[in-house]
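Colleague: Have a look at this one.
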Amino acid sequence: MGRKGVRMKITLVLLFLVVLCTSILAQQRATVEGRLTENSAAVTVRLVSDTESFSTTTDARGNYRFESVPDGRYLLIAGGRQASVVVDNGQVSMARLADVVVVAANNEQALEQVSKTINVIDGQEMRDRADFSLVESLRTIPGFRVQQLGGFGRTASIKTRGLRNQDTALLIDGIRFRDASSITGDATPFISDFTLTSIAKVEVLRGSGSSVYGTNAIGGTVDFRTPPARSGTHGQVSGAVGGLGLGRFRGNISHGTEDDRFGINAGYSRTVYTKGIDGEDDAGNHNLQTRFDARPFTGTSVSSRIFFSYADVMLNSSPDTLGPLPPSNTTVINAVPNGNFIPDANDPDSFQRSRFFSGQATIEQVLNNKVVLGGYYQGLGTRRINDNGMLGPGFQSASTSLFEGTIHTANAHLNWTPNDDHQVSIGFEFEKESFRNEGRTPSGSGDFFTRAGQKSNTFYLQDLIGLANGRLQIAGSMRFQMFSLERPEFSLANAPYKAATLSDPSNAITFDGAAAYSFRSSGTKIRGHIGNGYRVPSLYERFGTFFSTFGTPAFVALGDPFLKPEKTIAFDAGIEQDLARERVKLTATYFYTRLNDIIGFGNVVPDIGSTSRPFGGYENQIGGIARGGEFSARLKAGLSTEIFTSYTYTNSDQR
């Protein structure tokens, strides 16, 4: 071969190497682009990783573009929101900027910003699973034990991380929902009435949330988020029939203007079970929801919501003993149905009718690009009526019991964002609650009523900080709450607590701290969270009574007006690992909660002034501990297929 041929071969080899290198480089770089939909003009957008950082500004229509982005894991930061971006061999996969959560800090945060343990159940996921109620959806949350006694419509309870029913707070769009007339003042009597009529998603915070949400958020917080209207007119109608006499109808309609300045939606559902588990457990539920959103002026956002529920359910009789009782309560006996006790049995004239009405109004005003002023009001009314006739097993007398509660909550807060990685929130909240318990009998001899009320004033502060290009997230909060009691009213002259000199309950102070660090190159996130919590004593625990008609009609006291709030301390730490370009997510969490002071029922308790409590009553007690581990795995097997599994180990001890 001559020199000319050798040169040609060398030239071809060099040309091939150049083409190969160019191809490799092209595969390792990509273009990342998108569009912001709200307040999008001249917004700074950043794309950061452990080693790279890019920055650009959106155009008049909100478009942004990054050229020649190398392979790697990135965080896209735009207008206070974030999204994860993965560039692999030139291919871009990016989460939606709308993937934000509120429940962790009562402020919008991208998932990578959150330093606490959270779960999100999307509304579409609930519909794909054909869930009817909130109770069904929450069963998949690690660390949650959801129990419903007797099927749809009956009492449901949530135990988070081995704690009690009252230790999980329920929110509607970030505002507490609870029943002021329930024994523990939580949402348990109405959890089963939350059907999925119009819902965007459910956000769950596992762990202490008292510093952010106040009372009852000791073990966890569930936030029921309603959807705003999209641009255009949309509607949906669905129905279902099934076993146990199931019938369900759900309809939604919404309209939003093209410029997204105004939107309104409404939803209605009716769910019935005409037979139930044993053929005579009728239950029905009506849910009505509306929401209106407006941006009438630049920087002004207004929103209002209504959530109404009415439910009726046929009740069974309570279990009762059968035969001679043991000589003392230290004797443990094996329960034998129809041997030594009578289990639940159908009661043809025992019914419960319950309803609640929640009305909310919120407003936010952007003062400048760093300061936002906001506030909200919620009026909440709950009502439960139990009617029981003389039919059914055992001895029964006709009676009607009424429980009514009202809670008015007003909040004002200011959010200051000195830069994209720092946000400070400060606020004030006022809450007034009251309850009424009323009893009626056909003859009128057993009629009575009880009224009680309390108020609270709260100041809170929260600081959210991002460091190291957003890899390190730190959250801290504090809440200071002051209470005042109103003297209860009773229908009889021989009322309890008359001689007691009431004083304001002790204040509640809570602190909360959390930190998380993300290793974007490996898709690993480690986090830790510690916080103390509290639960304010309910009005029933303070002033609870039952009415006795034996001898001289009188109230028998159970409550203690001088109860102190429950106090807890909780800690959890965990790790999250993304694999296979975020198609697989593994999580592991260790948790520990100590209940230092709780409210329990004692068989022998001290009198309250001149008011005796011969049948026991509520008192402050030492608590217990709950600890364990939560493990989960999520696999996105395809565009429309997702597999999720979890395991929770809990060990709880009462001291």
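Letters for chains follow the order of the structure tokens (A, B, ...), residue numbers begin at 1 for each chain, and ligand numbers begin at 1 in the order shown.
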Region 15-188 of chain A: which residues are strand (DSSP E or B) by DSSP, as a ChimeraX atom specification?

Modeller: /A:29-35,44-48,53-57,63-70,72-78,81-88,91-94,100-101,109-110,117-122,133,144-148,156-160,168-172,175-177

Colleague: Just asking: which residues within region 333-543 of chain A are helix (DSSP H, G or I) according to DSSP, as a list in words?

Modeller: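 Those residues are Leu539, Tyr540, Glu541, Arg542 and Phe543 of chain A.
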
Colleague: Give me the residues of region 198-303 of chain A that have any atom at most 9 Å from an atom of region 455-479 of chain A; for each, the nearest atom pair and the distance in Å, rounded to one decimal. Use only C-alpha atoms, sort by chain and number, and format it as JSON lines.

Modeller:
```
{"residue": "A:Ser210", "atom": "CA", "partner": "A:Arg479", "partner_atom": "CA", "distance": 7.8}
{"residue": "A:Ser211", "atom": "CA", "partner": "A:Arg479", "partner_atom": "CA", "distance": 4.9}
{"residue": "A:Val212", "atom": "CA", "partner": "A:Ser477", "partner_atom": "CA", "distance": 7.0}
{"residue": "A:Tyr213", "atom": "CA", "partner": "A:Arg479", "partner_atom": "CA", "distance": 8.8}
{"residue": "A:Gly214", "atom": "CA", "partner": "A:Arg479", "partner_atom": "CA", "distance": 7.6}
```

Colleague: Could you write out the selected residues, including N, CA, C and O atoms, as a PDB file, in the first residue's frame?

Modeller:
```pdb
ATOM      1  N   SER A 210     -47.819  19.933  65.678  1.00  0.00           N
ATOM      2  CA  SER A 210     -48.481  20.902  66.550  1.00  0.00           C
ATOM      3  C   SER A 210     -47.949  22.311  66.378  1.00  0.00           C
ATOM      4  O   SER A 210     -48.695  23.292  66.507  1.00  0.00           O
ATOM      5  N   SER A 211     -46.658  22.463  66.088  1.00  0.00           N
ATOM      6  CA  SER A 211     -46.099  23.801  65.942  1.00  0.00           C
ATOM      7  C   SER A 211     -46.641  24.520  64.719  1.00  0.00           C
ATOM      8  O   SER A 211     -46.626  25.750  64.658  1.00  0.00           O
ATOM      9  N   VAL A 212     -47.131  23.742  63.750  1.00  0.00           N
ATOM     10  CA  VAL A 212     -47.690  24.339  62.536  1.00  0.00           C
ATOM     11  C   VAL A 212     -49.209  24.390  62.597  1.00  0.00           C
ATOM     12  O   VAL A 212     -49.828  25.385  62.211  1.00  0.00           O
ATOM     13  N   TYR A 213     -49.842  23.320  63.112  1.00  0.00           N
ATOM     14  CA  TYR A 213     -51.304  23.208  63.035  1.00  0.00           C
ATOM     15  C   TYR A 213     -52.002  23.175  64.381  1.00  0.00           C
ATOM     16  O   TYR A 213     -53.226  23.090  64.433  1.00  0.00           O
ATOM     17  N   GLY A 214     -51.279  23.212  65.477  1.00  0.00           N
ATOM     18  CA  GLY A 214     -51.925  23.308  66.767  1.00  0.00           C
ATOM     19  C   GLY A 214     -52.404  21.978  67.309  1.00  0.00           C
ATOM     20  O   GLY A 214     -51.794  20.925  67.090  1.00  0.00           O
TER      21      GLY A 214
END
```

Colleague: Mind checking which residues fall within 9 Å of Arg436 (chain A), counting only C-alpha atoms, ignoring those fewer than 4 positions away in the same chain, and posting them as a ChimeraX atom specification?

Modeller: /A:181,402-405,449-452

Colleague: Take the residues from that selection and write them out as an mmCIF file, in the first residue's frame, keeping N, CA, C and O atoms.

Modeller:
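And here's again.cif as it stands now:
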```cif
data_model
loop_
_atom_site.group_PDB
_atom_site.id
_atom_site.type_symbol
_atom_site.label_atom_id
_atom_site.label_comp_id
_atom_site.auth_asym_id
_atom_site.auth_seq_id
_atom_site.Cartn_x
_atom_site.Cartn_y
_atom_site.Cartn_z
ATOM 1 N N SER A 181 -67.845 19.056 69.954
ATOM 2 C CA SER A 181 -68.714 18.350 70.892
ATOM 3 C C SER A 181 -68.303 16.905 71.124
ATOM 4 O O SER A 181 -68.953 16.189 71.885
ATOM 5 N N LEU A 402 -78.485 14.862 71.624
ATOM 6 C CA LEU A 402 -78.027 15.855 70.648
ATOM 7 C C LEU A 402 -76.662 16.377 71.060
ATOM 8 O O LEU A 402 -76.443 16.735 72.222
ATOM 9 N N PHE A 403 -75.740 16.432 70.088
ATOM 10 C CA PHE A 403 -74.416 17.013 70.304
ATOM 11 C C PHE A 403 -74.173 18.044 69.206
ATOM 12 O O PHE A 403 -74.208 17.707 68.019
ATOM 13 N N GLU A 404 -73.943 19.285 69.596
ATOM 14 C CA GLU A 404 -73.684 20.362 68.639
ATOM 15 C C GLU A 404 -72.372 21.056 68.996
ATOM 16 O O GLU A 404 -72.094 21.314 70.173
ATOM 17 N N GLY A 405 -71.594 21.366 67.977
ATOM 18 C CA GLY A 405 -70.353 22.091 68.191
ATOM 19 C C GLY A 405 -70.160 23.158 67.130
ATOM 20 O O GLY A 405 -70.541 22.976 65.974
ATOM 21 N N PHE A 449 -79.887 19.998 79.254
ATOM 22 C CA PHE A 449 -78.905 20.519 78.307
ATOM 23 C C PHE A 449 -77.677 20.998 79.071
ATOM 24 O O PHE A 449 -77.741 21.357 80.246
ATOM 25 N N THR A 450 -76.539 20.996 78.347
ATOM 26 C CA THR A 450 -75.274 21.503 78.862
ATOM 27 C C THR A 450 -74.634 22.353 77.779
ATOM 28 O O THR A 450 -74.622 21.963 76.608
ATOM 29 N N ARG A 451 -74.104 23.513 78.152
ATOM 30 C CA ARG A 451 -73.380 24.381 77.216
ATOM 31 C C ARG A 451 -72.020 24.733 77.814
ATOM 32 O O ARG A 451 -71.913 24.937 79.023
ATOM 33 N N ALA A 452 -71.005 24.828 76.952
ATOM 34 C CA ALA A 452 -69.671 25.228 77.406
ATOM 35 C C ALA A 452 -68.921 25.836 76.236
ATOM 36 O O ALA A 452 -69.259 25.613 75.065
#
```

Colleague: If we count only C-alpha atoms, what is near region 319-334 of chain A at a cut-off of 12 Å, once residues fewer than 2 positions away on the same chain are taken out, given as an MDAnalysis selection string?

Modeller: chainID A and resid 316:317 336:347 393:395 603

Colleague: Which polymer residues have any atom within 8 Å of an atom of region 495-499 of chain A, counting only C-alpha atoms, with same-chain residues fewer than 6 positions away left out, as a VMD selection string?

Modeller: chain A and resid 554 to 557 608 to 611

Colleague: Residues near region 161-175 of chain A, anyone? I mean within 8 Å using only C-alpha atoms, not counting same-chain ones fewer than 3 positions away, as JSON, numbers by chain.

Modeller: {"A": [102, 103, 106, 143, 144, 145, 157, 158, 178, 184, 185, 186, 187, 188, 215, 216, 217, 218, 219, 220, 221, 222, 223, 224, 225, 226, 378, 535, 591, 626, 627, 628, 650, 651, 652]}

Colleague: Restricting the output to N, CA, C and O atoms, write the selected residues as a compact mmCIF listing (two decimals), in the first residue's frame.

Modeller:
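The file below, selection13.txt, is the result:
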```txt
# COMPACT_ATOMS: atom_id res chain seq x y z
N VAL A 102 -48.24 21.22 50.65
CA VAL A 102 -48.49 22.31 51.59
C VAL A 102 -48.40 21.82 53.03
O VAL A 102 -47.99 22.55 53.92
N VAL A 103 -48.76 20.56 53.27
CA VAL A 103 -48.98 20.08 54.63
C VAL A 103 -47.74 20.13 55.51
O VAL A 103 -47.84 20.30 56.72
N ASN A 106 -47.43 24.29 55.88
CA ASN A 106 -48.55 25.20 55.60
C ASN A 106 -48.13 26.29 54.63
O ASN A 106 -48.65 27.40 54.65
N GLY A 143 -47.60 3.50 58.43
CA GLY A 143 -47.74 4.01 59.79
C GLY A 143 -49.15 4.31 60.22
O GLY A 143 -49.39 4.63 61.39
N PHE A 144 -50.13 4.22 59.28
CA PHE A 144 -51.52 4.50 59.60
C PHE A 144 -52.28 3.19 59.84
O PHE A 144 -52.17 2.25 59.05
N ARG A 145 -53.04 3.15 60.92
CA ARG A 145 -53.98 2.04 61.16
C ARG A 145 -55.38 2.62 61.13
O ARG A 145 -55.77 3.36 62.03
N SER A 157 -61.72 5.47 62.75
CA SER A 157 -60.65 6.05 63.55
C SER A 157 -59.32 5.87 62.83
O SER A 157 -59.14 4.93 62.05
N ILE A 158 -58.42 6.80 63.08
CA ILE A 158 -57.07 6.76 62.52
C ILE A 158 -56.07 6.75 63.67
O ILE A 158 -56.07 7.67 64.50
N ARG A 178 -62.49 19.82 63.14
CA ARG A 178 -62.71 18.95 64.29
C ARG A 178 -64.09 19.21 64.88
O ARG A 178 -64.73 20.23 64.58
N THR A 184 -63.07 13.84 72.78
CA THR A 184 -61.67 14.31 72.76
C THR A 184 -61.48 15.53 71.86
O THR A 184 -60.35 15.96 71.64
N GLY A 185 -62.55 16.10 71.32
CA GLY A 185 -62.46 17.33 70.55
C GLY A 185 -61.78 17.20 69.21
O GLY A 185 -61.32 18.20 68.65
N ASP A 186 -61.72 15.98 68.65
CA ASP A 186 -61.05 15.77 67.38
C ASP A 186 -62.09 15.53 66.28
O ASP A 186 -63.28 15.74 66.47
N ALA A 187 -61.64 15.04 65.12
CA ALA A 187 -62.53 14.88 63.97
C ALA A 187 -63.12 13.48 63.85
O ALA A 187 -63.86 13.20 62.90
N THR A 188 -62.82 12.57 64.79
CA THR A 188 -63.21 11.17 64.65
C THR A 188 -64.69 10.96 64.34
O THR A 188 -65.01 10.13 63.47
N THR A 215 -53.53 22.02 68.01
CA THR A 215 -54.01 20.88 68.76
C THR A 215 -54.32 19.67 67.88
O THR A 215 -54.67 19.81 66.71
N ASN A 216 -54.15 18.48 68.46
CA ASN A 216 -54.46 17.19 67.84
C ASN A 216 -53.46 16.73 66.79
O ASN A 216 -53.57 15.60 66.30
N ALA A 217 -52.49 17.55 66.42
CA ALA A 217 -51.53 17.15 65.39
C ALA A 217 -50.29 16.52 66.03
O ALA A 217 -49.17 16.79 65.63
N ILE A 218 -50.49 15.65 67.01
CA ILE A 218 -49.38 15.04 67.74
C ILE A 218 -48.71 13.96 66.92
O ILE A 218 -47.48 13.88 66.84
N GLY A 219 -49.49 13.10 66.29
CA GLY A 219 -48.92 11.98 65.57
C GLY A 219 -48.88 12.15 64.07
O GLY A 219 -48.02 11.59 63.39
N GLY A 220 -49.82 12.91 63.53
CA GLY A 220 -49.87 13.09 62.08
C GLY A 220 -50.93 14.10 61.70
O GLY A 220 -51.76 14.51 62.52
N THR A 221 -50.92 14.51 60.43
CA THR A 221 -51.85 15.50 59.91
C THR A 221 -52.30 15.07 58.52
O THR A 221 -51.47 14.73 57.67
N VAL A 222 -53.61 15.09 58.30
CA VAL A 222 -54.20 14.75 57.00
C VAL A 222 -54.87 15.99 56.44
O VAL A 222 -55.75 16.56 57.07
N ASP A 223 -54.45 16.41 55.24
CA ASP A 223 -54.98 17.63 54.61
C ASP A 223 -55.78 17.24 53.38
O ASP A 223 -55.25 16.70 52.41
N PHE A 224 -57.08 17.50 53.41
CA PHE A 224 -58.01 17.24 52.31
C PHE A 224 -58.01 18.46 51.40
O PHE A 224 -58.56 19.51 51.74
N ARG A 225 -57.35 18.37 50.22
CA ARG A 225 -57.17 19.51 49.33
C ARG A 225 -58.23 19.49 48.23
O ARG A 225 -58.42 18.50 47.53
N THR A 226 -58.94 20.61 48.06
CA THR A 226 -59.96 20.73 47.02
C THR A 226 -59.36 21.36 45.77
O THR A 226 -58.42 22.16 45.85
N GLN A 378 -62.68 30.58 58.93
CA GLN A 378 -63.51 29.38 58.78
C GLN A 378 -64.59 29.36 59.85
O GLN A 378 -64.30 29.56 61.03
N ARG A 535 -52.12 18.66 72.92
CA ARG A 535 -53.55 18.61 72.59
C ARG A 535 -54.30 19.33 73.69
O ARG A 535 -54.18 19.00 74.87
N PHE A 591 -39.28 5.91 63.88
CA PHE A 591 -40.00 6.94 64.63
C PHE A 591 -40.06 6.58 66.11
O PHE A 591 -40.03 5.40 66.49
N ALA A 626 -44.35 5.17 71.90
CA ALA A 626 -44.62 4.40 70.68
C ALA A 626 -43.41 4.55 69.78
O ALA A 626 -42.91 5.66 69.57
N ARG A 627 -42.93 3.44 69.25
CA ARG A 627 -41.77 3.49 68.36
C ARG A 627 -41.89 2.37 67.33
O ARG A 627 -42.65 1.42 67.51
N GLY A 628 -41.12 2.50 66.28
CA GLY A 628 -41.19 1.47 65.25
C GLY A 628 -40.54 1.94 63.96
O GLY A 628 -39.81 2.94 63.92
N THR A 650 -44.83 -1.44 64.69
CA THR A 650 -45.10 -0.50 65.77
C THR A 650 -45.06 -1.23 67.10
O THR A 650 -45.63 -2.32 67.24
N ASN A 651 -44.46 -0.61 68.09
CA ASN A 651 -44.41 -1.14 69.45
C ASN A 651 -44.80 0.00 70.39
O ASN A 651 -44.06 0.96 70.54
N SER A 652 -45.98 -0.11 71.00
CA SER A 652 -46.50 0.95 71.87
C SER A 652 -46.69 0.42 73.28
O SER A 652 -47.17 -0.70 73.48
```
